[in-house]
Each structure stands twice: as C-alpha cells, then as structure tokens.
file structure_21.txt (compact mmCIF, C-alpha atoms and all ligand atoms)
# COMPACT_ATOMS: atom_id res chain seq x y z
CA MET M 5 -17.61 20.59 11.18
CA ARG M 6 -16.09 18.76 14.14
CA PHE M 7 -14.82 15.18 14.02
CA HIS M 8 -14.34 13.35 17.32
CA ILE M 9 -12.28 10.18 16.95
CA LEU M 10 -12.24 7.63 19.77
CA THR M 11 -9.16 5.41 19.44
CA LEU M 12 -6.45 3.51 21.29
CA PHE M 13 -3.90 4.81 18.74
CA PRO M 14 -4.29 8.61 18.69
CA GLU M 15 -0.84 9.30 17.19
CA MET M 16 -1.69 7.17 14.14
CA VAL M 17 -4.82 9.21 13.43
CA MET M 18 -3.21 12.60 14.09
CA GLN M 19 -0.24 11.91 11.83
CA GLY M 20 -2.50 10.72 9.05
CA LEU M 21 -4.68 13.81 9.02
CA ASN M 22 -2.32 16.77 9.48
CA THR M 23 -1.14 17.07 5.87
CA SER M 24 -2.24 18.55 2.56
CA ILE M 25 -5.85 19.56 1.96
CA ILE M 26 -7.15 18.21 5.28
CA GLY M 27 -4.32 19.88 7.23
CA ASN M 28 -5.16 23.16 5.49
CA ALA M 29 -8.87 22.78 6.27
CA VAL M 30 -7.98 22.41 9.96
CA GLU M 31 -5.73 25.49 9.85
CA GLN M 32 -8.54 27.49 8.22
CA ASN M 33 -10.96 26.30 10.95
CA LEU M 34 -13.26 24.75 8.34
CA ILE M 35 -13.01 21.44 10.18
CA GLU M 36 -11.80 20.43 13.63
CA ILE M 37 -10.31 17.04 14.44
CA ASN M 38 -10.54 16.03 18.05
CA VAL M 39 -8.65 12.78 18.74
CA ILE M 40 -9.52 11.11 22.04
CA ASN M 41 -7.43 8.37 23.60
CA ILE M 42 -9.86 5.81 25.03
CA ARG M 43 -7.17 4.66 27.46
CA ASP M 44 -7.32 8.07 29.20
CA PHE M 45 -10.79 7.09 30.45
CA THR M 46 -10.11 3.65 31.94
CA LYS M 47 -10.84 3.23 35.62
CA ASP M 48 -8.61 0.14 35.76
CA ARG M 49 -5.53 0.74 37.90
CA HIS M 50 -3.31 -0.89 35.27
CA LYS M 51 -4.90 1.23 32.51
CA LYS M 52 -6.37 -1.91 30.97
CA VAL M 53 -8.97 -1.35 28.23
CA ASP M 54 -9.61 -4.92 27.03
CA ASP M 55 -10.31 -8.38 28.44
CA TYR M 56 -10.97 -11.97 27.37
CA PRO M 57 -14.24 -12.72 25.58
CA TYR M 58 -17.00 -14.39 27.62
CA GLY M 59 -17.60 -17.81 26.12
CA GLY M 60 -13.99 -18.14 25.07
CA GLY M 61 -12.29 -17.72 21.72
CA ALA M 62 -9.29 -15.98 20.25
CA GLY M 63 -8.25 -12.40 20.96
CA MET M 64 -9.39 -9.71 23.32
CA VAL M 65 -12.51 -7.55 23.49
CA MET M 66 -12.49 -3.80 24.13
CA GLN M 67 -14.39 -3.16 27.34
CA ALA M 68 -17.47 -0.96 27.61
CA GLN M 69 -16.51 1.40 30.46
CA PRO M 70 -13.61 3.41 28.96
CA ILE M 71 -15.41 3.78 25.63
CA TYR M 72 -18.65 4.89 27.27
CA ASP M 73 -16.90 7.44 29.49
CA ALA M 74 -14.89 8.81 26.54
CA TRP M 75 -18.12 9.15 24.55
CA LYS M 76 -19.87 10.86 27.47
CA SER M 77 -17.04 13.41 27.67
CA ILE M 78 -17.73 14.38 24.03
CA VAL M 79 -21.48 14.60 24.64
CA ALA M 80 -20.86 16.82 27.67
CA GLN M 81 -18.54 19.03 25.63
CA VAL M 82 -20.90 19.56 22.66
CA GLY M 83 -24.16 19.50 24.64
CA TYR M 84 -26.01 16.88 22.57
CA GLU M 85 -25.58 13.33 21.24
CA PRO M 86 -24.03 13.55 17.75
CA ARG M 87 -24.25 10.66 15.27
CA CYS M 88 -21.69 8.04 16.26
CA VAL M 89 -20.09 5.87 13.57
CA TYR M 90 -18.61 2.49 14.52
CA LEU M 91 -16.05 1.38 11.95
CA THR M 92 -16.58 -2.31 11.24
CA PRO M 93 -16.45 -4.66 8.25
CA GLN M 94 -19.99 -5.65 9.32
CA GLY M 95 -21.31 -2.18 8.50
CA GLN M 96 -22.92 -0.52 5.50
CA VAL M 97 -20.30 0.04 2.76
CA PHE M 98 -19.21 3.69 2.63
CA ALA M 99 -19.92 5.57 -0.60
CA GLN M 100 -19.78 9.12 -1.98
CA GLY M 101 -23.44 9.81 -1.22
CA MET M 102 -22.85 9.02 2.46
CA ALA M 103 -19.84 11.36 2.55
CA LYS M 104 -22.04 14.17 1.25
CA GLU M 105 -24.71 13.43 3.82
CA TYR M 106 -22.28 13.27 6.77
CA ALA M 107 -20.75 16.59 5.68
CA ARG M 108 -23.98 18.31 6.79
CA GLU M 109 -23.49 17.26 10.44
CA GLU M 110 -22.14 19.75 12.99
CA ASP M 111 -20.35 16.99 14.92
CA LEU M 112 -19.54 13.39 14.07
CA ILE M 113 -18.09 10.76 16.41
CA PHE M 114 -16.01 7.83 15.15
CA LEU M 115 -15.36 4.78 17.31
CA CYS M 116 -12.31 2.82 16.17
CA GLY M 117 -12.33 -0.79 17.31
CA HIS M 118 -9.37 -3.11 17.63
CA TYR M 119 -8.57 -6.69 18.61
CA GLU M 120 -11.52 -9.04 18.20
CA GLY M 121 -14.11 -6.35 18.70
CA VAL M 122 -15.95 -4.14 21.16
CA ASP M 123 -18.34 -5.19 23.93
CA GLU M 124 -21.74 -5.25 22.20
CA ARG M 125 -23.49 -3.47 25.10
CA VAL M 126 -21.62 -0.19 24.64
CA LEU M 127 -22.23 -0.34 20.88
CA GLU M 128 -25.97 -0.65 21.57
CA GLU M 129 -25.75 2.35 23.90
CA ILE M 130 -23.81 4.86 21.76
CA VAL M 131 -23.53 3.79 18.09
CA THR M 132 -26.00 5.17 15.55
CA ASP M 133 -24.24 4.09 12.30
CA TYR M 134 -22.24 0.94 11.43
CA VAL M 135 -19.91 1.62 8.49
CA SER M 136 -17.36 -0.44 6.53
CA ILE M 137 -15.00 0.93 3.89
CA GLY M 138 -15.01 -2.20 1.73
CA ASP M 139 -15.00 -5.96 1.64
CA TYR M 140 -11.66 -6.80 3.21
CA VAL M 141 -10.55 -6.99 6.84
CA LEU M 142 -8.24 -4.43 8.48
CA THR M 143 -6.60 -4.64 11.92
CA GLY M 144 -8.52 -1.65 13.29
CA GLY M 145 -10.89 1.21 12.59
CA GLU M 146 -8.24 3.96 12.43
CA LEU M 147 -7.54 3.78 8.69
CA PRO M 148 -11.27 3.61 7.89
CA ALA M 149 -11.91 6.64 10.15
CA MET M 150 -9.18 8.57 8.32
CA VAL M 151 -10.64 7.55 4.97
CA MET M 152 -14.06 8.81 6.06
CA VAL M 153 -12.74 12.09 7.52
CA ASP M 154 -10.96 12.77 4.23
CA ALA M 155 -13.96 11.95 2.03
CA ILE M 156 -16.38 13.91 4.26
CA SER M 157 -14.10 16.93 4.70
CA ARG M 158 -13.74 17.51 0.98
CA MET M 159 -17.54 17.82 0.84
CA VAL M 160 -17.53 20.61 3.48
CA PRO M 161 -18.01 24.00 1.77
CA GLY M 162 -14.71 25.86 1.40
CA VAL M 163 -12.39 22.86 1.87
CA LEU M 164 -11.77 22.38 -1.84
CA THR M 165 -10.77 25.34 -3.99
CA ASN M 166 -12.63 25.81 -7.30
CA GLU M 167 -9.78 24.04 -9.05
CA GLU M 168 -9.84 21.00 -6.81
CA SER M 169 -13.60 20.66 -6.77
CA GLY M 170 -13.68 19.70 -10.46
CA SER M 171 -12.66 16.20 -9.43
CA THR M 172 -15.80 16.02 -7.29
CA GLU M 173 -17.86 15.45 -10.42
CA SER M 174 -16.47 11.98 -11.14
CA LEU M 175 -18.54 9.80 -8.85
CA GLU M 176 -21.36 12.29 -8.42
CA GLY M 177 -22.76 12.06 -11.93
CA GLY M 178 -22.26 8.32 -11.39
CA LEU M 179 -19.34 8.17 -13.86
CA LEU M 180 -15.58 7.71 -13.47
CA GLU M 181 -13.20 10.59 -14.18
CA TYR M 182 -11.81 11.17 -17.68
CA PRO M 183 -8.01 10.94 -18.33
CA GLN M 184 -5.82 14.01 -17.73
CA TYR M 185 -2.67 15.17 -19.55
CA SER M 186 -0.06 17.86 -18.92
CA ARG M 187 3.13 19.05 -20.63
CA PRO M 188 5.00 17.97 -22.65
CA ALA M 189 2.64 17.29 -25.60
CA ASN M 190 4.87 14.36 -26.58
CA TRP M 191 6.32 12.24 -23.79
CA ASN M 192 8.21 9.03 -24.48
CA GLY M 193 6.76 9.04 -28.00
CA LYS M 194 3.20 9.25 -26.66
CA GLU M 195 1.07 12.17 -27.91
CA VAL M 196 -1.59 14.01 -25.94
CA PRO M 197 -4.98 13.41 -27.65
CA GLN M 198 -5.27 16.05 -30.41
CA VAL M 199 -8.70 17.28 -29.30
CA LEU M 200 -7.22 18.62 -26.03
CA LEU M 201 -4.90 20.92 -28.02
CA SER M 202 -7.69 22.13 -30.33
CA GLY M 203 -8.99 24.93 -28.09
CA ASP M 204 -12.55 23.85 -28.99
CA HIS M 205 -14.10 23.70 -25.51
CA LYS M 206 -17.39 22.17 -26.65
CA LYS M 207 -15.53 19.36 -28.40
CA ILE M 208 -13.20 18.86 -25.42
CA GLU M 209 -16.13 18.62 -23.04
CA SER M 210 -17.92 16.00 -25.13
CA TRP M 211 -14.68 14.00 -25.65
CA ARG M 212 -14.10 13.95 -21.89
CA HIS M 213 -17.65 12.86 -21.24
CA GLU M 214 -17.27 10.03 -23.78
CA GLN M 215 -14.06 8.95 -22.07
CA SER M 216 -15.89 8.90 -18.72
CA VAL M 217 -18.64 6.70 -20.14
CA GLN M 218 -16.11 4.31 -21.76
CA ARG M 219 -14.05 4.02 -18.58
CA THR M 220 -17.08 3.39 -16.45
CA LEU M 221 -18.32 0.73 -18.86
CA ARG M 222 -14.90 -0.99 -18.88
CA ASN M 223 -13.92 -0.75 -15.22
CA ARG M 224 -17.15 -0.31 -13.22
CA PRO M 225 -20.12 -1.31 -15.40
CA GLU M 226 -22.36 -1.62 -12.32
CA LEU M 227 -22.10 2.17 -11.82
CA LEU M 228 -23.94 2.74 -15.10
CA GLU M 229 -27.15 1.47 -13.53
CA GLU M 230 -27.28 4.59 -11.33
CA ALA M 231 -25.59 7.04 -13.72
CA GLU M 232 -27.52 9.73 -15.55
CA LEU M 233 -27.07 8.90 -19.22
CA SER M 234 -28.21 10.81 -22.30
CA ARG M 235 -29.46 9.15 -25.50
CA ALA M 236 -26.04 9.95 -27.02
CA ASP M 237 -24.34 8.11 -24.12
CA VAL M 238 -26.52 5.05 -24.63
CA LYS M 239 -25.77 5.12 -28.38
CA GLN M 240 -22.05 5.23 -27.58
CA ILE M 241 -22.34 2.29 -25.22
CA LEU M 242 -24.27 0.18 -27.72
CA LYS M 243 -21.98 0.86 -30.69
CL1 LIG M 301 -14.53 -0.07 9.04
N1 LIG M 301 -12.86 -1.86 10.00
C1 LIG M 301 -12.04 -2.91 9.86
N2 LIG M 301 -11.40 -3.39 10.94
N3 LIG M 301 -11.83 -3.54 8.72
C2 LIG M 301 -12.47 -3.03 7.67
C3 LIG M 301 -13.33 -1.95 7.73
C4 LIG M 301 -13.52 -1.37 8.93
N4 LIG M 301 -13.82 -1.70 6.51
C5 LIG M 301 -13.29 -2.63 5.73
N5 LIG M 301 -12.49 -3.44 6.41
call {"tool": "encode", "arguments": {"input": "structure_21.txt", "output": "structure tokens", "more": "lines below"}}
Ligand code: 6GU
result
Amino acid sequence: MRFHILTLFPEMVMQGLNTSIIGNAVEQNLIEINVINIRDFTKDRHKKVDDYPYGGGAGMVMQAQPIYDAWKSIVAQVGYEPRCVYLTPQGQVFAQGMAKEYAREEDLIFLCGHYEGVDERVLEEIVTDYVSIGDYVLTGGELPAMVMVDAISRMVPGVLTNEESGSTESLEGGLLEYPQYSRPANWNGKEVPQVLLSGDHKKIESWRHEQSVQRTLRNRPELLEEAELSRADVKQILK
C-alpha cells in the first residue's frame, strides 16, 4: 500500500514514521510512504503558499494552486485518482473500522492543512474523505496523518507478526484489551493473578475475556452497545 502525504512540514512526517513497526514495514516494501512538500509546487516567485482570507479574519489560508498541482503530480504518477483524505476536526471521527477499510486501498492521499484552513475550492476538487482524529483542535494535519498511517499500516497483511497481531483483537470484538503481566511473579509486593500461572489455558482465556468486559464496562461503556456479548458476558455485567 502506498501513502502519499501532502504537507508543508515534510521533515515532521518523515521523522515520525521511520521507526519501529512502521519503519520495518517500509523496509520490507509492505508499505510505501511518499511525503510531498506542497511548497515545491508553488508558482509564486517568493514560494508563498498562503494568503489572507477573503472577507477578513484571523490567520492565513492555504492557497489552492500549490495543493492542486501537488495532487495532480500524484495522480499522474499512479495513473488514477486515489481516495484523498483531508485531515480536519470537522471530519468524521476516525475509528478502527475505518483503518481496516482504508488498508484495502492501493494508494491513499492525505492532505495536511495548517493555519486557518485550506481554500474550499481545492477541497471540493480533490478531497473524497474528511477525517478527524478526535474532538480537540491541533495546529495541523501532520500528527493526524501519522496517526492514520500507523493505524492503517498495522491492518496491512504482513505488517504485524503473529505475536503483535494478538493486540488487534481488542477493539475489533468491540472490547478493550485485558491486563498483561510479565516477570517477576511478585513485584513491589504485588502478585500476578494466580490464574495466569495455572497453565489452564481454558481458564486463562475466560479470565481474560471477563477482564475485557469489566474494563470496557468501567472505562468505555458506550462500546458495549456494539460489542458481541455472550449470555455469560451479560450475566457478568448484571451481577
Ligand atoms: Cl484531523 N486536524 C486538526 N488540525 N486538528 C484535529 C484533527 C485534525 N483531529 C482532531 N483535531
């Protein structure tokens, strides 16, 4: 899968995505991350990419021309118009199901805005999806783009090893992850739950599932509306 990230701050995006699992996925050619500096496409002789908003008001607006030309260069390179995500707090809130869906795309374009926004006319021309990463305001779309690349990449086949993919289950069955423990069995006077040392894998599995249900109920009760629950789960919740 190829990610194409349109930004005024390419170094920020590149540094954020060259490490750990995502860095490995790039090295193994499972994903490709193509960072494009919008400023490289300005036709302004002072390399300007923004201007004052018509109608007045605070801040600057990113102009249409450099963004459109940068986008066209991607389209020319790949030979079709991939889905184009504009990162904005006005968008649909990103969730695990969307990450899974985006992971099926061959190419995905991200447009990172800055300042007070982007000229609406270029958004109308190129953007197919408006996405937010949550209800708070950030200074630009770079961090949200990195968040999305990470969440989508781990859904691309081969990116996670068998060991890592266990932690995929958490939000997919609609439940939060159960607690984990490692050595030593007693740390600071705190014991690892006995069941985990029992070697009884059936019992361990059902204990972990119970923990997931309890955690979800305590921390994110709204998730239980979508979660797949057994009669035993419901009994546990009601007791
Ligand atoms: Cl996608 N962009 C910005 N600037 N702020 C955000 C956001 C996106 N999602 C949440 N806050």
call {"tool": "closest_residue", "arguments": {"input": "structure_21.txt", "among": "M:Ser24, M:Gln96, M:Asn33, M:Ser136", "to": "ligand LIG 301 (chain M)", "atoms": "all atoms listed in the file"}}
result
M:Ser136
call {"tool": "closest_atom_pairs", "arguments": {"input": "structure_21.txt", "of": "chain M", "to": "ligand LIG 301 (chain M)", "cutoff": "10 Å", "atoms": "all atoms listed in the file", "output": "JSON lines"}}
result
{"residue": "M:Val89", "atom": "CA", "partner": "M:LIG301", "partner_atom": "CL1", "distance": 9.3}
{"residue": "M:Tyr90", "atom": "CA", "partner": "M:LIG301", "partner_atom": "CL1", "distance": 7.3}
{"residue": "M:Leu91", "atom": "CA", "partner": "M:LIG301", "partner_atom": "CL1", "distance": 3.6}
{"residue": "M:Thr92", "atom": "CA", "partner": "M:LIG301", "partner_atom": "CL1", "distance": 3.7}
{"residue": "M:Pro93", "atom": "CA", "partner": "M:LIG301", "partner_atom": "C3", "distance": 4.2}
{"residue": "M:Gln94", "atom": "CA", "partner": "M:LIG301", "partner_atom": "C4", "distance": 7.8}
{"residue": "M:Gly95", "atom": "CA", "partner": "M:LIG301", "partner_atom": "CL1", "distance": 7.1}
{"residue": "M:Gln96", "atom": "CA", "partner": "M:LIG301", "partner_atom": "CL1", "distance": 9.1}
{"residue": "M:Val97", "atom": "CA", "partner": "M:LIG301", "partner_atom": "N4", "distance": 7.7}
{"residue": "M:Phe98", "atom": "CA", "partner": "M:LIG301", "partner_atom": "N4", "distance": 8.6}
{"residue": "M:Leu115", "atom": "CA", "partner": "M:LIG301", "partner_atom": "CL1", "distance": 9.6}
{"residue": "M:Cys116", "atom": "CA", "partner": "M:LIG301", "partner_atom": "N1", "distance": 7.8}
{"residue": "M:Gly117", "atom": "CA", "partner": "M:LIG301", "partner_atom": "N2", "distance": 6.9}
{"residue": "M:His118", "atom": "CA", "partner": "M:LIG301", "partner_atom": "N2", "distance": 7.0}
{"residue": "M:Tyr119", "atom": "CA", "partner": "M:LIG301", "partner_atom": "N2", "distance": 8.8}
{"residue": "M:Glu120", "atom": "CA", "partner": "M:LIG301", "partner_atom": "N2", "distance": 9.2}
{"residue": "M:Gly121", "atom": "CA", "partner": "M:LIG301", "partner_atom": "N2", "distance": 8.7}
{"residue": "M:Tyr134", "atom": "CA", "partner": "M:LIG301", "partner_atom": "CL1", "distance": 8.1}
{"residue": "M:Val135", "atom": "CA", "partner": "M:LIG301", "partner_atom": "CL1", "distance": 5.7}
{"residue": "M:Ser136", "atom": "CA", "partner": "M:LIG301", "partner_atom": "N4", "distance": 3.8}
{"residue": "M:Ile137", "atom": "CA", "partner": "M:LIG301", "partner_atom": "N4", "distance": 3.9}
{"residue": "M:Gly138", "atom": "CA", "partner": "M:LIG301", "partner_atom": "C5", "distance": 4.4}
{"residue": "M:Asp139", "atom": "CA", "partner": "M:LIG301", "partner_atom": "C5", "distance": 5.5}
{"residue": "M:Tyr140", "atom": "CA", "partner": "M:LIG301", "partner_atom": "N5", "distance": 4.7}
{"residue": "M:Val141", "atom": "CA", "partner": "M:LIG301", "partner_atom": "N5", "distance": 4.1}
{"residue": "M:Leu142", "atom": "CA", "partner": "M:LIG301", "partner_atom": "N3", "distance": 3.7}
{"residue": "M:Thr143", "atom": "CA", "partner": "M:LIG301", "partner_atom": "N2", "distance": 5.1}
{"residue": "M:Gly144", "atom": "CA", "partner": "M:LIG301", "partner_atom": "N2", "distance": 4.1}
{"residue": "M:Gly145", "atom": "CA", "partner": "M:LIG301", "partner_atom": "N1", "distance": 4.5}
{"residue": "M:Glu146", "atom": "CA", "partner": "M:LIG301", "partner_atom": "N1", "distance": 7.8}
{"residue": "M:Leu147", "atom": "CA", "partner": "M:LIG301", "partner_atom": "N1", "distance": 7.9}
{"residue": "M:Pro148", "atom": "CA", "partner": "M:LIG301", "partner_atom": "CL1", "distance": 5.0}
{"residue": "M:Ala149", "atom": "CA", "partner": "M:LIG301", "partner_atom": "CL1", "distance": 7.3}
{"residue": "M:Val151", "atom": "CA", "partner": "M:LIG301", "partner_atom": "CL1", "distance": 9.5}
{"residue": "M:Met152", "atom": "CA", "partner": "M:LIG301", "partner_atom": "CL1", "distance": 9.4}
call {"tool": "residues_around", "arguments": {"input": "structure_21.txt", "residues": "Gln19 of chain M", "least_positions_apart": "4", "cutoff": "12 Å", "atoms": "only C-alpha atoms", "output": "PyMOL selection string"}}
result
chain M and resi 13-15+23-24+26-27+37+39+146-147+150
call {"tool": "atom_distance", "arguments": {"input": "structure_21.txt", "atom1": "atom CA of Asp123 of chain M", "atom2": "atom CA of Glu85 of chain M"}}
result
20.1 Å
call {"tool": "closest_residue", "arguments": {"input": "structure_21.txt", "among": "M:Val217, M:Trp191, M:Asp55, M:Arg224", "to": "Asp237 of chain M", "atoms": "only C-alpha atoms"}}
result
M:Val217
call {"tool": "closest_residue", "arguments": {"input": "structure_21.txt", "among": "M:Asn192, M:Arg6, M:Gly20, M:Asn223", "to": "Glu110 of chain M", "atoms": "all atoms listed in the file"}}
result
M:Arg6
call {"tool": "closest_residue", "arguments": {"input": "structure_21.txt", "among": "M:Asp54, M:Glu226, M:Glu232, M:Asp73", "to": "Val122 of chain M", "atoms": "only C-alpha atoms"}}
result
M:Asp54
call {"tool": "residues_near_point", "arguments": {"input": "structure_21.txt", "point": "(-20.5, 14.4, 16.1)", "cutoff": "6 Å", "atoms": "all atoms listed in the file", "output": "ChimeraX atom specification"}}
result
/M:86-87,111-113
call {"tool": "write_last_selection", "arguments": {"input": "structure_21.txt", "atoms": "C-alpha atoms", "output": "compact mmCIF listing (two decimals), keeping the file's coordinate frame"}}
result
# COMPACT_ATOMS: atom_id res chain seq x y z
CA PRO M 86 -24.03 13.55 17.75
CA ARG M 87 -24.25 10.66 15.27
CA ASP M 111 -20.35 16.99 14.92
CA LEU M 112 -19.54 13.39 14.07
CA ILE M 113 -18.09 10.76 16.41
call {"tool": "atom_distance", "arguments": {"input": "structure_21.txt", "atom1": "atom CA of Ile208 of chain M", "atom2": "atom CA of Pro183 of chain M"}}
result
11.8 Å
call {"tool": "closest_residue", "arguments": {"input": "structure_21.txt", "among": "M:Ala231, M:Asn38, M:Val126, M:Val82", "to": "Pro70 of chain M", "atoms": "only C-alpha atoms"}}
result
M:Val126
call {"tool": "atom_distance", "arguments": {"input": "structure_21.txt", "atom1": "atom CA of Val153 of chain M", "atom2": "atom CA of Glu36 of chain M"}}
result
10.4 Å
call {"tool": "residues_near_point", "arguments": {"input": "structure_21.txt", "point": "(-8.8, 23.1, 1.2)", "cutoff": "9 Å", "atoms": "all atoms listed in the file", "output": "list in words"}}
result
Ser24, Ile25, Ile26, Gly27, Asn28, Ala29, Val30, Gln32, Leu34, Ser157, Arg158, Gly162, Val163, Leu164, Thr165 and Glu168 of chain M
call {"tool": "closest_residue", "arguments": {"input": "structure_21.txt", "among": "M:Asp204, M:Glu109, M:Asp48, M:Glu209", "to": "Ile156 of chain M", "atoms": "all atoms listed in the file"}}
result
M:Glu109
call {"tool": "residues_around", "arguments": {"input": "structure_21.txt", "residues": "Tyr185 of chain M", "least_positions_apart": "6", "cutoff": "9 Å", "atoms": "all atoms listed in the file", "output": "list of chain:residue names"}}
result
M:Val196, M:Pro197, M:Leu200
call {"tool": "residues_around", "arguments": {"input": "structure_21.txt", "residues": "Gln240 of chain M", "least_positions_apart": "5", "cutoff": "9 Å", "atoms": "all atoms listed in the file", "output": "PyMOL selection string"}}
result
chain M and resi 214+217-218+235
call {"tool": "write_last_selection", "arguments": {"input": "structure_21.txt", "atoms": "C-alpha atoms", "output": "mmCIF file, in the frame of the given file"}}
result
data_model
loop_
_atom_site.group_PDB
_atom_site.id
_atom_site.type_symbol
_atom_site.label_atom_id
_atom_site.label_comp_id
_atom_site.auth_asym_id
_atom_site.auth_seq_id
_atom_site.Cartn_x
_atom_site.Cartn_y
_atom_site.Cartn_z
ATOM 1 C CA GLU M 214 -17.270 10.030 -23.780
ATOM 2 C CA VAL M 217 -18.640 6.700 -20.140
ATOM 3 C CA GLN M 218 -16.110 4.310 -21.760
ATOM 4 C CA ARG M 235 -29.460 9.150 -25.500
#
call {"tool": "residues_around", "arguments": {"input": "structure_21.txt", "residues": "Arg219 of chain M", "least_positions_apart": "5", "cutoff": "12 Å", "atoms": "only C-alpha atoms", "output": "ChimeraX atom specification"}}
result
/M:174,178-183,212-214,224-228,241
call {"tool": "residues_around", "arguments": {"input": "structure_21.txt", "residues": "Gln69 of chain M", "least_positions_apart": "4", "cutoff": "9 Å", "atoms": "only C-alpha atoms", "output": "ChimeraX atom specification"}}
result
/M:45-47,53,73-74,126
call {"tool": "build_atoms", "arguments": {"input": "structure_21.txt", "residues": "segment 70-88 of chain M", "atoms": "N, CA and C atoms", "output": "compact mmCIF listing (two decimals), in the coordinates of the input"}}
result
# COMPACT_ATOMS: atom_id res chain seq x y z
N PRO M 70 -14.41 2.28 29.46
CA PRO M 70 -13.61 3.41 28.96
C PRO M 70 -14.23 4.06 27.72
N ILE M 71 -14.80 3.25 26.86
CA ILE M 71 -15.41 3.78 25.63
C ILE M 71 -16.62 4.65 25.98
N TYR M 72 -17.45 4.14 26.89
CA TYR M 72 -18.65 4.89 27.27
C TYR M 72 -18.28 6.22 27.93
N ASP M 73 -17.30 6.20 28.80
CA ASP M 73 -16.90 7.44 29.49
C ASP M 73 -16.26 8.43 28.52
N ALA M 74 -15.49 7.92 27.56
CA ALA M 74 -14.89 8.81 26.54
C ALA M 74 -16.00 9.45 25.70
N TRP M 75 -16.98 8.64 25.31
CA TRP M 75 -18.12 9.15 24.55
C TRP M 75 -18.90 10.20 25.34
N LYS M 76 -19.13 9.91 26.62
CA LYS M 76 -19.87 10.86 27.47
C LYS M 76 -19.14 12.20 27.57
N SER M 77 -17.81 12.16 27.58
CA SER M 77 -17.04 13.41 27.67
C SER M 77 -17.27 14.27 26.41
N ILE M 78 -17.44 13.63 25.26
CA ILE M 78 -17.73 14.38 24.03
C ILE M 78 -19.13 14.98 24.12
N VAL M 79 -20.09 14.15 24.54
CA VAL M 79 -21.48 14.60 24.64
C VAL M 79 -21.58 15.80 25.59
N ALA M 80 -20.85 15.72 26.70
CA ALA M 80 -20.86 16.82 27.67
C ALA M 80 -20.26 18.07 27.06
N GLN M 81 -19.23 17.89 26.25
CA GLN M 81 -18.54 19.03 25.63
C GLN M 81 -19.42 19.73 24.59
N VAL M 82 -20.13 18.95 23.76
CA VAL M 82 -20.90 19.56 22.66
C VAL M 82 -22.35 19.84 23.05
N GLY M 83 -22.82 19.21 24.13
CA GLY M 83 -24.16 19.50 24.64
C GLY M 83 -25.28 18.74 23.97
N TYR M 84 -24.98 17.74 23.16
CA TYR M 84 -26.01 16.88 22.57
C TYR M 84 -25.35 15.56 22.15
N GLU M 85 -26.13 14.61 21.66
CA GLU M 85 -25.58 13.33 21.24
C GLU M 85 -25.44 13.29 19.72
N PRO M 86 -24.23 13.57 19.21
CA PRO M 86 -24.03 13.55 17.75
C PRO M 86 -24.14 12.12 17.21
N ARG M 87 -24.30 11.99 15.89
CA ARG M 87 -24.25 10.66 15.27
C ARG M 87 -22.90 10.04 15.60
N CYS M 88 -22.91 8.74 15.87
CA CYS M 88 -21.69 8.04 16.26
C CYS M 88 -21.48 6.85 15.33
